[in-house]
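Shown next: run_17.pdb, containing PDB, N, CA and C atoms, pLDDT in the B column.
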```pdb
ATOM      1  N   VAL A   1       9.850  -9.034   2.066  1.00 94.00           N
ATOM      2  CA  VAL A   1       8.465  -9.288   1.694  1.00 94.00           C
ATOM      3  C   VAL A   1       7.701  -7.973   1.584  1.00 94.00           C
ATOM      4  N   ALA A   2       7.958  -7.054   2.480  1.00 95.00           N
ATOM      5  CA  ALA A   2       7.250  -5.766   2.443  1.00 95.00           C
ATOM      6  C   ALA A   2       7.561  -5.008   1.145  1.00 95.00           C
ATOM      7  N   LYS A   3       8.821  -5.051   0.713  1.00 97.00           N
ATOM      8  CA  LYS A   3       9.184  -4.388  -0.547  1.00 97.00           C
ATOM      9  C   LYS A   3       8.476  -5.043  -1.730  1.00 97.00           C
ATOM     10  N   LEU A   4       8.415  -6.360  -1.717  1.00 97.00           N
ATOM     11  CA  LEU A   4       7.726  -7.068  -2.797  1.00 97.00           C
ATOM     12  C   LEU A   4       6.235  -6.735  -2.797  1.00 97.00           C
ATOM     13  N   GLU A   5       5.652  -6.603  -1.629  1.00 96.00           N
ATOM     14  CA  GLU A   5       4.234  -6.236  -1.550  1.00 96.00           C
ATOM     15  C   GLU A   5       4.000  -4.850  -2.145  1.00 96.00           C
ATOM     16  N   THR A   6       4.929  -3.934  -1.908  1.00 97.00           N
ATOM     17  CA  THR A   6       4.830  -2.592  -2.486  1.00 97.00           C
ATOM     18  C   THR A   6       4.939  -2.655  -4.010  1.00 97.00           C
ATOM     19  N   ILE A   7       5.872  -3.447  -4.502  1.00 97.00           N
ATOM     20  CA  ILE A   7       6.043  -3.610  -5.945  1.00 97.00           C
ATOM     21  C   ILE A   7       4.792  -4.232  -6.553  1.00 97.00           C
ATOM     22  N   GLU A   8       4.240  -5.228  -5.894  1.00 97.00           N
ATOM     23  CA  GLU A   8       3.036  -5.895  -6.393  1.00 97.00           C
ATOM     24  C   GLU A   8       1.881  -4.906  -6.487  1.00 97.00           C
ATOM     25  N   GLU A   9       1.753  -4.062  -5.500  1.00 97.00           N
ATOM     26  CA  GLU A   9       0.700  -3.049  -5.514  1.00 97.00           C
ATOM     27  C   GLU A   9       0.900  -2.045  -6.649  1.00 97.00           C
ATOM     28  N   GLU A  10       2.140  -1.637  -6.867  1.00 97.00           N
ATOM     29  CA  GLU A  10       2.433  -0.704  -7.966  1.00 97.00           C
ATOM     30  C   GLU A  10       2.122  -1.334  -9.321  1.00 97.00           C
ATOM     31  N   LEU A  11       2.454  -2.602  -9.488  1.00 96.00           N
ATOM     32  CA  LEU A  11       2.145  -3.288 -10.735  1.00 96.00           C
ATOM     33  C   LEU A  11       0.634  -3.386 -10.941  1.00 96.00           C
ATOM     34  N   ARG A  12      -0.101  -3.640  -9.865  1.00 95.00           N
ATOM     35  CA  ARG A  12      -1.558  -3.699  -9.958  1.00 95.00           C
ATOM     36  C   ARG A  12      -2.119  -2.356 -10.401  1.00 95.00           C
ATOM     37  N   ASP A  13      -1.604  -1.280  -9.822  1.00 96.00           N
ATOM     38  CA  ASP A  13      -2.065   0.067 -10.184  1.00 96.00           C
ATOM     39  C   ASP A  13      -1.752   0.390 -11.650  1.00 96.00           C
ATOM     40  N   ARG A  14      -0.556   0.048 -12.088  1.00 95.00           N
ATOM     41  CA  ARG A  14      -0.170   0.317 -13.480  1.00 95.00           C
ATOM     42  C   ARG A  14      -1.028  -0.489 -14.461  1.00 95.00           C
ATOM     43  N   ALA A  15      -1.306  -1.745 -14.106  1.00 94.00           N
ATOM     44  CA  ALA A  15      -2.147  -2.571 -14.968  1.00 94.00           C
ATOM     45  C   ALA A  15      -3.542  -1.962 -15.077  1.00 94.00           C
ATOM     46  N   TYR A  16      -4.074  -1.478 -13.969  1.00 94.00           N
ATOM     47  CA  TYR A  16      -5.391  -0.834 -13.984  1.00 94.00           C
ATOM     48  C   TYR A  16      -5.369   0.411 -14.874  1.00 94.00           C
ATOM     49  N   GLU A  17      -4.304   1.177 -14.781  1.00 93.00           N
ATOM     50  CA  GLU A  17      -4.168   2.367 -15.631  1.00 93.00           C
ATOM     51  C   GLU A  17      -4.153   1.993 -17.112  1.00 93.00           C
ATOM     52  N   ARG A  18      -3.459   0.910 -17.447  1.00 92.00           N
ATOM     53  CA  ARG A  18      -3.408   0.474 -18.846  1.00 92.00           C
ATOM     54  C   ARG A  18      -4.791   0.047 -19.325  1.00 92.00           C
ATOM     55  N   LEU A  19      -5.543  -0.659 -18.468  1.00 91.00           N
ATOM     56  CA  LEU A  19      -6.903  -1.048 -18.855  1.00 91.00           C
ATOM     57  C   LEU A  19      -7.788   0.172 -19.043  1.00 91.00           C
ATOM     58  N   THR A  20      -7.626   1.162 -18.193  1.00 92.00           N
ATOM     59  CA  THR A  20      -8.390   2.404 -18.315  1.00 92.00           C
ATOM     60  C   THR A  20      -8.038   3.110 -19.621  1.00 92.00           C
ATOM     61  N   ASP A  21      -6.755   3.138 -19.953  1.00 87.00           N
ATOM     62  CA  ASP A  21      -6.308   3.747 -21.210  1.00 87.00           C
ATOM     63  C   ASP A  21      -6.935   3.032 -22.409  1.00 87.00           C
ATOM     64  N   ALA A  22      -6.932   1.701 -22.365  1.00 88.00           N
ATOM     65  CA  ALA A  22      -7.478   0.921 -23.477  1.00 88.00           C
ATOM     66  C   ALA A  22      -8.980   1.141 -23.613  1.00 88.00           C
ATOM     67  N   ALA A  23      -9.681   1.252 -22.498  1.00 90.00           N
ATOM     68  CA  ALA A  23     -11.127   1.463 -22.541  1.00 90.00           C
ATOM     69  C   ALA A  23     -11.482   2.854 -23.043  1.00 90.00           C
ATOM     70  N   ALA A  24     -10.605   3.805 -22.813  1.00 90.00           N
ATOM     71  CA  ALA A  24     -10.878   5.183 -23.225  1.00 90.00           C
ATOM     72  C   ALA A  24     -10.841   5.344 -24.738  1.00 90.00           C
ATOM     73  N   ARG A  25     -10.031   4.521 -25.414  1.00 87.00           N
ATOM     74  CA  ARG A  25      -9.938   4.630 -26.872  1.00 87.00           C
ATOM     75  C   ARG A  25      -9.892   3.236 -27.497  1.00 87.00           C
ATOM     76  N   PRO A  26     -11.036   2.570 -27.462  1.00 87.00           N
ATOM     77  CA  PRO A  26     -11.071   1.201 -28.005  1.00 87.00           C
ATOM     78  C   PRO A  26     -10.796   1.185 -29.512  1.00 87.00           C
ATOM     79  N   ASP A  27     -10.363   0.047 -29.977  1.00 89.00           N
ATOM     80  CA  ASP A  27     -10.100  -0.180 -31.408  1.00 89.00           C
ATOM     81  C   ASP A  27      -9.051   0.753 -31.996  1.00 89.00           C
ATOM     82  N   THR A  28      -8.042   1.092 -31.191  1.00 91.00           N
ATOM     83  CA  THR A  28      -6.926   1.883 -31.695  1.00 91.00           C
ATOM     84  C   THR A  28      -5.635   1.122 -31.424  1.00 91.00           C
ATOM     85  N   ASP A  29      -4.591   1.522 -32.104  1.00 92.00           N
ATOM     86  CA  ASP A  29      -3.286   0.906 -31.845  1.00 92.00           C
ATOM     87  C   ASP A  29      -2.840   1.157 -30.409  1.00 92.00           C
ATOM     88  N   ALA A  30      -3.156   2.337 -29.895  1.00 89.00           N
ATOM     89  CA  ALA A  30      -2.791   2.661 -28.514  1.00 89.00           C
ATOM     90  C   ALA A  30      -3.524   1.748 -27.530  1.00 89.00           C
ATOM     91  N   ALA A  31      -4.773   1.434 -27.816  1.00 90.00           N
ATOM     92  CA  ALA A  31      -5.536   0.538 -26.942  1.00 90.00           C
ATOM     93  C   ALA A  31      -4.949  -0.867 -26.973  1.00 90.00           C
ATOM     94  N   ARG A  32      -4.586  -1.326 -28.155  1.00 90.00           N
ATOM     95  CA  ARG A  32      -3.992  -2.661 -28.259  1.00 90.00           C
ATOM     96  C   ARG A  32      -2.649  -2.714 -27.537  1.00 90.00           C
ATOM     97  N   ALA A  33      -1.873  -1.654 -27.638  1.00 92.00           N
ATOM     98  CA  ALA A  33      -0.593  -1.593 -26.925  1.00 92.00           C
ATOM     99  C   ALA A  33      -0.820  -1.575 -25.421  1.00 92.00           C
ATOM    100  N   ALA A  34      -1.826  -0.837 -24.974  1.00 91.00           N
ATOM    101  CA  ALA A  34      -2.140  -0.769 -23.542  1.00 91.00           C
ATOM    102  C   ALA A  34      -2.593  -2.134 -23.031  1.00 91.00           C
ATOM    103  N   GLN A  35      -3.379  -2.843 -23.823  1.00 90.00           N
ATOM    104  CA  GLN A  35      -3.825  -4.180 -23.419  1.00 90.00           C
ATOM    105  C   GLN A  35      -2.650  -5.147 -23.328  1.00 90.00           C
ATOM    106  N   ALA A  36      -1.743  -5.069 -24.268  1.00 92.00           N
ATOM    107  CA  ALA A  36      -0.567  -5.940 -24.247  1.00 92.00           C
ATOM    108  C   ALA A  36       0.302  -5.642 -23.032  1.00 92.00           C
ATOM    109  N   GLU A  37       0.466  -4.358 -22.726  1.00 94.00           N
ATOM    110  CA  GLU A  37       1.259  -3.989 -21.556  1.00 94.00           C
ATOM    111  C   GLU A  37       0.573  -4.449 -20.275  1.00 94.00           C
ATOM    112  N   GLU A  38      -0.740  -4.344 -20.231  1.00 93.00           N
ATOM    113  CA  GLU A  38      -1.486  -4.801 -19.048  1.00 93.00           C
ATOM    114  C   GLU A  38      -1.259  -6.283 -18.822  1.00 93.00           C
ATOM    115  N   LYS A  39      -1.233  -7.071 -19.884  1.00 94.00           N
ATOM    116  CA  LYS A  39      -1.000  -8.511 -19.744  1.00 94.00           C
ATOM    117  C   LYS A  39       0.396  -8.789 -19.186  1.00 94.00           C
ATOM    118  N   ARG A  40       1.383  -8.042 -19.663  1.00 96.00           N
ATOM    119  CA  ARG A  40       2.752  -8.221 -19.134  1.00 96.00           C
ATOM    120  C   ARG A  40       2.830  -7.820 -17.666  1.00 96.00           C
ATOM    121  N   LEU A  41       2.153  -6.728 -17.320  1.00 96.00           N
ATOM    122  CA  LEU A  41       2.144  -6.282 -15.923  1.00 96.00           C
ATOM    123  C   LEU A  41       1.454  -7.314 -15.036  1.00 96.00           C
ATOM    124  N   LEU A  42       0.369  -7.904 -15.525  1.00 96.00           N
ATOM    125  CA  LEU A  42      -0.334  -8.929 -14.758  1.00 96.00           C
ATOM    126  C   LEU A  42       0.564 -10.141 -14.535  1.00 96.00           C
ATOM    127  N   GLN A  43       1.283 -10.542 -15.570  1.00 97.00           N
ATOM    128  CA  GLN A  43       2.208 -11.673 -15.442  1.00 97.00           C
ATOM    129  C   GLN A  43       3.289 -11.372 -14.406  1.00 97.00           C
ATOM    130  N   ALA A  44       3.835 -10.170 -14.449  1.00 97.00           N
ATOM    131  CA  ALA A  44       4.863  -9.775 -13.479  1.00 97.00           C
ATOM    132  C   ALA A  44       4.279  -9.721 -12.073  1.00 97.00           C
ATOM    133  N   ARG A  45       3.057  -9.200 -11.948  1.00 97.00           N
ATOM    134  CA  ARG A  45       2.422  -9.106 -10.631  1.00 97.00           C
ATOM    135  C   ARG A  45       2.205 -10.490 -10.049  1.00 97.00           C
ATOM    136  N   ARG A  46       1.791 -11.423 -10.878  1.00 97.00           N
ATOM    137  CA  ARG A  46       1.584 -12.804 -10.392  1.00 97.00           C
ATOM    138  C   ARG A  46       2.898 -13.426  -9.930  1.00 97.00           C
ATOM    139  N   ALA A  47       3.973 -13.155 -10.646  1.00 97.00           N
ATOM    140  CA  ALA A  47       5.277 -13.685 -10.248  1.00 97.00           C
ATOM    141  C   ALA A  47       5.716 -13.098  -8.903  1.00 97.00           C
ATOM    142  N   ILE A  48       5.469 -11.804  -8.719  1.00 97.00           N
ATOM    143  CA  ILE A  48       5.808 -11.167  -7.438  1.00 97.00           C
ATOM    144  C   ILE A  48       4.953 -11.756  -6.326  1.00 97.00           C
ATOM    145  N   ALA A  49       3.661 -11.962  -6.588  1.00 96.00           N
ATOM    146  CA  ALA A  49       2.776 -12.551  -5.579  1.00 96.00           C
ATOM    147  C   ALA A  49       3.253 -13.957  -5.197  1.00 96.00           C
ATOM    148  N   LYS A  50       3.718 -14.704  -6.174  1.00 97.00           N
ATOM    149  CA  LYS A  50       4.244 -16.042  -5.902  1.00 97.00           C
ATOM    150  C   LYS A  50       5.499 -15.951  -5.027  1.00 97.00           C
ATOM    151  N   ALA A  51       6.370 -14.996  -5.316  1.00 97.00           N
ATOM    152  CA  ALA A  51       7.577 -14.797  -4.514  1.00 97.00           C
ATOM    153  C   ALA A  51       7.212 -14.403  -3.080  1.00 97.00           C
ATOM    154  N   ILE A  52       6.212 -13.568  -2.943  1.00 96.00           N
ATOM    155  CA  ILE A  52       5.757 -13.177  -1.600  1.00 96.00           C
ATOM    156  C   ILE A  52       5.328 -14.417  -0.826  1.00 96.00           C
ATOM    157  N   GLY A  53       4.556 -15.275  -1.484  1.00 95.00           N
ATOM    158  CA  GLY A  53       4.112 -16.504  -0.834  1.00 95.00           C
ATOM    159  C   GLY A  53       5.269 -17.403  -0.440  1.00 95.00           C
ATOM    160  N   ALA A  54       6.269 -17.484  -1.302  1.00 95.00           N
ATOM    161  CA  ALA A  54       7.423 -18.341  -1.022  1.00 95.00           C
ATOM    162  C   ALA A  54       8.278 -17.791   0.117  1.00 95.00           C
ATOM    163  N   LEU A  55       8.326 -16.472   0.251  1.00 95.00           N
ATOM    164  CA  LEU A  55       9.189 -15.853   1.259  1.00 95.00           C
ATOM    165  C   LEU A  55       8.488 -15.564   2.577  1.00 95.00           C
ATOM    166  N   SER A  56       7.178 -15.619   2.589  1.00 91.00           N
ATOM    167  CA  SER A  56       6.434 -15.303   3.807  1.00 91.00           C
ATOM    168  C   SER A  56       6.646 -16.400   4.842  1.00 91.00           C
ATOM    169  N   PRO A  57       6.788 -15.994   6.100  1.00 84.00           N
ATOM    170  CA  PRO A  57       6.950 -17.003   7.152  1.00 84.00           C
ATOM    171  C   PRO A  57       5.707 -17.880   7.235  1.00 84.00           C
ATOM    172  N   ARG A  58       5.938 -19.142   7.467  1.00 79.00           N
ATOM    173  CA  ARG A  58       4.827 -20.083   7.581  1.00 79.00           C
ATOM    174  C   ARG A  58       4.497 -20.323   9.042  1.00 79.00           C
ATOM    175  N   ASP A  59       3.222 -20.535   9.286  1.00 65.00           N
ATOM    176  CA  ASP A  59       2.759 -20.897  10.623  1.00 65.00           C
ATOM    177  C   ASP A  59       2.648 -22.421  10.655  1.00 65.00           C
ATOM    178  N   PRO A  60       3.502 -23.112  11.437  1.00 60.00           N
ATOM    179  CA  PRO A  60       3.478 -24.583  11.459  1.00 60.00           C
ATOM    180  C   PRO A  60       2.118 -25.153  11.834  1.00 60.00           C
ATOM    181  N   ASP A  61       1.339 -24.422  12.602  1.00 61.00           N
ATOM    182  CA  ASP A  61       0.009 -24.921  13.002  1.00 61.00           C
ATOM    183  C   ASP A  61      -0.957 -24.967  11.838  1.00 61.00           C
ATOM    184  N   LEU A  62      -0.692 -24.195  10.765  1.00 56.00           N
ATOM    185  CA  LEU A  62      -1.583 -24.173   9.620  1.00 56.00           C
ATOM    186  C   LEU A  62      -1.270 -25.279   8.615  1.00 56.00           C
ATOM    187  N   ASP A  63      -0.182 -25.991   8.784  1.00 52.00           N
ATOM    188  CA  ASP A  63       0.214 -27.044   7.853  1.00 52.00           C
ATOM    189  C   ASP A  63      -0.491 -28.362   8.093  1.00 52.00           C
ATOM    190  N   ASP A  64      -1.371 -28.431   9.045  1.00 47.00           N
ATOM    191  CA  ASP A  64      -2.079 -29.693   9.355  1.00 47.00           C
ATOM    192  C   ASP A  64      -3.051 -30.078   8.296  1.00 47.00           C
TER
END
```
This structure in structure tokens:
Amino acid sequence: VAKLETIEEELRDRAYERLTDAAARPDTDAARAAQAEEKRLLQARRAIAKAIGALSPRDPDLDD
């Protein structure tokens, strides 16, 4: 889980970088490519977050 959390954080950082790149040069092919990559990174980050949730130990007292 700790490794997945690190990966999730790295994906979040990369997605932010892509958004920053796109904002720096709007209406260019590079901006559109950066936006597309950001969407893929977001999708991957969500999948990792879901895996973290599935693998994290559950507290039986919270299942009430």
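The smallest atom-to-atom distance between Ala54 (chain A) and any of A:Leu41, A:Ala33, A:Leu4, A:Ala15, using only C-alpha atoms, is found for A:Leu4.
For the atom pair formed by atom N of Lys50 (chain A) and CA of Ala23 (chain A), the distance is 27.4 Å, given to one decimal.
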Need the shell around Glu37 (chain A): protein/DNA/RNA residues with any atom at most 10 Å away, counting only C-alpha atoms. Skip same-chain ones fewer than 4 positions apart. Format as a short mmCIF file (atom, residue, chain, number, x, y, z; two decimals) with N, CA and C atoms, keeping the file's coordinate frame?
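The result, written out as result22.cif:
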```
data_model
loop_
_atom_site.label_atom_id
_atom_site.label_comp_id
_atom_site.auth_asym_id
_atom_site.auth_seq_id
_atom_site.Cartn_x
_atom_site.Cartn_y
_atom_site.Cartn_z
N ARG A 14 -0.56 0.05 -12.09
CA ARG A 14 -0.17 0.32 -13.48
C ARG A 14 -1.03 -0.49 -14.46
N ALA A 15 -1.31 -1.74 -14.11
CA ALA A 15 -2.15 -2.57 -14.97
C ALA A 15 -3.54 -1.96 -15.08
N ARG A 18 -3.46 0.91 -17.45
CA ARG A 18 -3.41 0.47 -18.85
C ARG A 18 -4.79 0.05 -19.32
N LEU A 19 -5.54 -0.66 -18.47
CA LEU A 19 -6.90 -1.05 -18.86
C LEU A 19 -7.79 0.17 -19.04
N ALA A 31 -4.77 1.43 -27.82
CA ALA A 31 -5.54 0.54 -26.94
C ALA A 31 -4.95 -0.87 -26.97
N ARG A 32 -4.59 -1.33 -28.16
CA ARG A 32 -3.99 -2.66 -28.26
C ARG A 32 -2.65 -2.71 -27.54
N ALA A 33 -1.87 -1.65 -27.64
CA ALA A 33 -0.59 -1.59 -26.92
C ALA A 33 -0.82 -1.58 -25.42
N LEU A 41 2.15 -6.73 -17.32
CA LEU A 41 2.14 -6.28 -15.92
C LEU A 41 1.45 -7.31 -15.04
N LEU A 42 0.37 -7.90 -15.52
CA LEU A 42 -0.33 -8.93 -14.76
C LEU A 42 0.56 -10.14 -14.54
N GLN A 43 1.28 -10.54 -15.57
CA GLN A 43 2.21 -11.67 -15.44
C GLN A 43 3.29 -11.37 -14.41
#
```
Which residues, written as a VMD selection string, have at least one atom at most 8 Å from region 6-10 of chain A, with all atoms listed in the file counted and residues fewer than 2 positions away on the same chain left out? chain A and resid 1 to 4 12 to 16 44 to 46 48 to 49
Select from chain A everything DSSP, run on the backbone, classes as alpha helix (DSSP H), then give the selection as a PyMOL selection string. chain A and resi 2-24+29-55
Suppose you want the space between CA of Asp27 (chain A) and CA of Leu11 (chain A); what is it in Å? 24.2 Å
Quick check, in Å to one decimal: how far apart do atom C of Ala51 (chain A) and atom N of Glu17 (chain A) lie? 22.6 Å
